[in-house]
Amino acid sequence: MFSRESQTRVSGDLALQYYFGDEQTFVDTGNGLQRLSSDKRFSHWDVNLDGEHLWNLGRLQILLRDRFTGDIYSDKNQISRNSDYQNLAELESSYFLSETVRMRGKLSYDVFEDQSFPEFSTDDFGGVLEWEKLIRRNTFLSVGYEAHDVDFEFSPLDNYYQQDAYLKFFRYSPVRMTIKALHRPPEKLDSLMMDKETFQDGTRDLLIRNGHGAVAARIPEYSLKEARTEFLPYQVDSPMTFELETRVRQRELYNTLERSFLEGQVNGLVLFQLSPSHTFSIENNFSDRDYARQNLTDNVLSYQRNEGEISHFIFFNRIMMDHRFEIDSVFYKDQPDFDYVDWTFSSNVSYDVLRNWNVSAYNAWKRVEYDVPRQFFTNNDYNVHSLSTQWKFSSKVSAKFILDYERRTFKFFTNVIDSSFSKKGRDFRVNWDLRRNFGFHTGYKWERERHASFQVNDRYEDLFYVGSSMKL
């Protein structure tokens with residue numbers, strides 16, 4: 001039952017791009033707006049690397065994993081681009097006390113470096129200890145403890161220690177199949193079909209082996225003159241996953257009671273695997289948070305929150321569709337006027353029109369509604385749309401064109417920060433895959449961002465770029 005094999009896996013992708021062009025912004029001189037033009041020259045690293053090694057030592061399993069993600073720009077202070085990277089190292093082990101009981105432990109060290117806003121950079125040292133019991137087939141019950149010590153490099157007043165205790169229930173229901181009897185009455189012979197009874201057994205197979213498939217197709221596999229019963233496999237239930245977790249979280253700031261809190265959570269997930277390419281899921285997360293000291297000025301207020309999501313994914317006939325609907329509701333205990341609801345619907349559709357031609361569309365609509373809108377916390381609508389098409393001229397050369405549109409509308413209270421705007425973007429790229437996992441690309445992109453009332457936020461950008469990418 002317990003193997004003694006070791007496994008190593010390394011995967012990831014790297015992309016390097018160099019941009020050059022110009023950017024136009026505006027400044028308010030007091031006598032009107034003045035346009036400022038600046039040359040843009042910067043490089044961009046997009047890095048995603050994963051590596052892990054697994055030791056199977058009988059009942060003991062040890063997993064060493066490291067994940068690095070980076071979105072790194074040579075110019076750290078750009079209006080529309082943040083430069084940051086993150087490295088997560090984990091050492092996880094599990095030991096089977098018996099065939100039905102397992103102990104699991106994990107140590108993690110997570111470093112996040114925000115080069116554009118250093119005050120958000122953190123070092124997170126964490127650990128998990130969990131006891132898991134197989135209570136019946138495909139059903140597990142887990143009890144665990146999790147702790148994190150988080151340091152903010154440039155804002156030590158925000159350093160905190162967080163600990164969680166949780167109870168988790170997991171159930172997987174595999175597919176259930178049965179046999180369904182299908183009774184077929186006698187059928188009339190089609191004018192192109194021949195009577196099977198006039199041929200000896202095996203004639204049809206002999207014709208197929210000798211290359212006479214067109215003739216063999218006119219001989220039925222069974223006699224159509226007689227009633228028959230066929231027994232076909234029939235799926236009764238689809239595979240289903242059910243998860244339910246209750247968690248208690250306590251966070252303590254080292255230097256102040258403010259923003260320290262105690263929170264209770266109930267999290268649930270139901271996933272239906274209707275087919276290998278068709279899934280439907282419902283997820284809900286409820287939390288109840290009480291702060292040790294509330295602060296109305298900074299909006300540090302005790303609340304209850306419920307986040308729900310319904311998602312549907314299907315792939316058929318070269319069409320992929322992924323739809324999600326989310327509702328995020330926040331109810332403040334002592335300030336009910338601050339309550340708000342956040343609605344989001346997103347749709348991602350991809351269609352391989354031809355073998356070498358793909359068309360994709362992404363659309364998202366978002367609405368935030370406050371019970372009583374106020375400055376910096378006001379109702380707003382946001383939507384983003386992206387249409388892309390890609391054509392492969394050969395196995396190595398392809399071209400991609402993207403149209404983007406983004407719009408946000410603030411209601412009741414607007415200012416230079418909460419400013420209604422619309423943004424259009426175009427991106428045309430040519431890819432040359434020199435090898436299966438290495439290639440070059442070049443392209444041109446532009447953006448036009450226009451604000452309804454605060455034109456000082458307007459921004460125009462035109463950029464050319466060249467780059468290369470590699471997959472591991």
# chains A, B, ... in the order shown; residues from 1 in each chain; ligands from 1
>>> residues_around(residues="His385 (chain A)", least_positions_apart="2", cutoff="10 Å", atoms="only C-alpha atoms", output="number ranges by chain")
A: 346-347, 361-365, 383, 387, 403-407, 424
>>> select_by_dssp(residues="region 14-147 of chain A", states="strand (DSSP E or B)", output="JSON, numbers by chain")
{"A": [14, 15, 16, 17, 18, 19, 20, 21, 22, 23, 24, 25, 26, 27, 28, 33, 34, 35, 36, 37, 38, 39, 40, 41, 42, 43, 44, 45, 46, 47, 48, 49, 50, 51, 52, 53, 54, 55, 56, 57, 60, 61, 62, 63, 64, 65, 66, 67, 68, 69, 70, 71, 72, 73, 84, 85, 86, 87, 88, 89, 90, 91, 92, 93, 94, 95, 96, 101, 102, 103, 104, 105, 106, 107, 108, 109, 110, 111, 112, 113, 114, 122, 123, 124, 125, 126, 127, 128, 129, 130, 131, 132, 133, 134, 135, 136, 139, 140, 141, 142, 143, 144, 145, 146, 147]}
>>> select_by_dssp(residues="region 193-427 of chain A", states="helix (DSSP H, G or I)", output="MDAnalysis selection string")
chainID A and resid 196:198 203:209 213:216 336:338
>>> residues_around(residues="Met470 (chain A)", least_positions_apart="4", cutoff="10 Å", atoms="only C-alpha atoms", output="tab-separated table (two decimals) with N, CA and C atoms, in the first residue's frame")
chain	number	residue	atom	x	y	z
A	12	GLY	N	7.22	25.64	-15.27
A	12	GLY	CA	7.13	27.10	-15.21
A	12	GLY	C	7.29	27.73	-16.57
A	13	ASP	N	7.24	29.04	-16.57
A	13	ASP	CA	7.44	29.80	-17.80
A	13	ASP	C	8.07	31.15	-17.45
A	14	LEU	N	8.87	31.65	-18.38
A	14	LEU	CA	9.53	32.94	-18.23
A	14	LEU	C	9.32	33.74	-19.50
A	15	ALA	N	9.08	35.02	-19.34
A	15	ALA	CA	8.92	35.91	-20.49
A	15	ALA	C	9.62	37.22	-20.19
A	16	LEU	N	10.40	37.70	-21.15
A	16	LEU	CA	11.10	38.97	-21.04
A	16	LEU	C	10.67	39.86	-22.19
A	47	VAL	N	7.59	35.98	-14.57
A	47	VAL	CA	8.20	34.71	-14.17
A	47	VAL	C	7.23	33.89	-13.34
A	433	ASP	N	7.63	30.80	-32.74
A	433	ASP	CA	8.08	29.73	-31.86
A	433	ASP	C	9.25	29.02	-32.51
A	435	ARG	N	11.32	26.96	-31.06
A	435	ARG	CA	11.23	25.57	-30.66
A	435	ARG	C	9.91	25.37	-29.93
A	436	ARG	N	9.66	24.16	-29.50
A	436	ARG	CA	8.39	23.86	-28.84
A	436	ARG	C	8.23	24.66	-27.55
A	437	ASN	N	9.34	24.91	-26.85
A	437	ASN	CA	9.26	25.60	-25.56
A	437	ASN	C	10.03	26.92	-25.54
A	438	PHE	N	10.34	27.46	-26.71
A	438	PHE	CA	11.07	28.73	-26.75
A	438	PHE	C	10.66	29.50	-28.00
A	439	GLY	N	10.44	30.82	-27.82
A	439	GLY	CA	10.03	31.62	-28.96
A	439	GLY	C	10.27	33.10	-28.73
A	440	PHE	N	10.04	33.87	-29.81
A	440	PHE	CA	10.16	35.32	-29.78
A	440	PHE	C	8.81	35.95	-30.15
>>> residues_around(residues="region 97-106 of chain A", least_positions_apart="3", cutoff="10 Å", atoms="only C-alpha atoms", output="MDAnalysis selection string")
chainID A and resid 1:2 59:64 90:94 126:137 140:146
>>> write_last_selection(atoms="C-alpha atoms", output="PDB file, in the first residue's frame")
ATOM      1  CA  MET A   1       0.000   0.000   0.000  1.00  0.00           C
ATOM      2  CA  PHE A   2       2.823   2.431   0.890  1.00  0.00           C
ATOM      3  CA  ARG A  59       4.192   5.406   5.793  1.00  0.00           C
ATOM      4  CA  LEU A  60       6.089   8.703   5.781  1.00  0.00           C
ATOM      5  CA  GLN A  61       5.870  11.181   2.904  1.00  0.00           C
ATOM      6  CA  ILE A  62       7.964  14.368   2.710  1.00  0.00           C
ATOM      7  CA  LEU A  63       7.324  17.076   0.128  1.00  0.00           C
ATOM      8  CA  LEU A  64       9.623  20.027  -0.502  1.00  0.00           C
ATOM      9  CA  GLU A  90       7.030  24.841   1.863  1.00  0.00           C
ATOM     10  CA  LEU A  91       8.163  21.717   3.652  1.00  0.00           C
ATOM     11  CA  GLU A  92       5.280  19.305   4.154  1.00  0.00           C
ATOM     12  CA  SER A  93       5.217  15.848   5.675  1.00  0.00           C
ATOM     13  CA  SER A  94       2.504  13.301   6.367  1.00  0.00           C
ATOM     14  CA  GLY A 126       3.718  29.828   8.984  1.00  0.00           C
ATOM     15  CA  GLY A 127       2.970  26.299  10.075  1.00  0.00           C
ATOM     16  CA  VAL A 128       0.115  23.756   9.986  1.00  0.00           C
ATOM     17  CA  LEU A 129      -0.499  20.647  12.087  1.00  0.00           C
ATOM     18  CA  GLU A 130      -3.446  18.418  11.047  1.00  0.00           C
ATOM     19  CA  TRP A 131      -4.984  15.098  12.096  1.00  0.00           C
ATOM     20  CA  GLU A 132      -7.042  13.328   9.389  1.00  0.00           C
ATOM     21  CA  LYS A 133      -9.337  10.324   9.795  1.00  0.00           C
ATOM     22  CA  LEU A 134     -10.934   8.181   7.090  1.00  0.00           C
ATOM     23  CA  ILE A 135     -14.346   7.663   8.680  1.00  0.00           C
ATOM     24  CA  ARG A 136     -15.719   5.662   5.744  1.00  0.00           C
ATOM     25  CA  ARG A 137     -14.931   5.143   2.079  1.00  0.00           C
ATOM     26  CA  PHE A 140     -12.544  12.231   5.681  1.00  0.00           C
ATOM     27  CA  LEU A 141     -12.668  14.263   8.883  1.00  0.00           C
ATOM     28  CA  SER A 142      -9.773  16.615   9.754  1.00  0.00           C
ATOM     29  CA  VAL A 143      -8.843  18.697  12.789  1.00  0.00           C
ATOM     30  CA  GLY A 144      -6.015  21.194  12.516  1.00  0.00           C
ATOM     31  CA  TYR A 145      -4.124  24.194  13.823  1.00  0.00           C
ATOM     32  CA  GLU A 146      -2.483  26.872  11.654  1.00  0.00           C
TER      33      GLU A 146
END
>>> closest_residue(among="A:Lys76, A:Lys471, A:His148, A:Lys392", to="Phe125 (chain A)", atoms="only C-alpha atoms")
A:His148
>>> residues_around(residues="region 286-295 of chain A", least_positions_apart="2", cutoff="10 Å", atoms="only C-alpha atoms", output="PyMOL selection string")
chain A and resi 246-252+256-268+284+297-308+328-334
>>> closest_residue(among="A:Ser11, A:Ser37, A:Ser74, A:Asn356", to="Gly51 (chain A)", atoms="only C-alpha atoms")
A:Ser11
>>> atom_distance(atom1="CA of Ser80 (chain A)", atom2="CA of His44 (chain A)")
13.4 Å
>>> residues_around(residues="region 269-278 of chain A", least_positions_apart="6", cutoff="8 Å", atoms="only C-alpha atoms", output="PyMOL selection string")
chain A and resi 238-244+284+312-316
>>> atom_distance(atom1="CA of Phe464 (chain A)", atom2="CA of Gly425 (chain A)")
13.5 Å
>>> atom_distance(atom1="CA of Phe20 (chain A)", atom2="CA of His451 (chain A)")
25.1 Å
>>> residues_around(residues="Thr25 (chain A)", least_positions_apart="3", cutoff="9 Å", atoms="only C-alpha atoms", output="count of residues only")
11
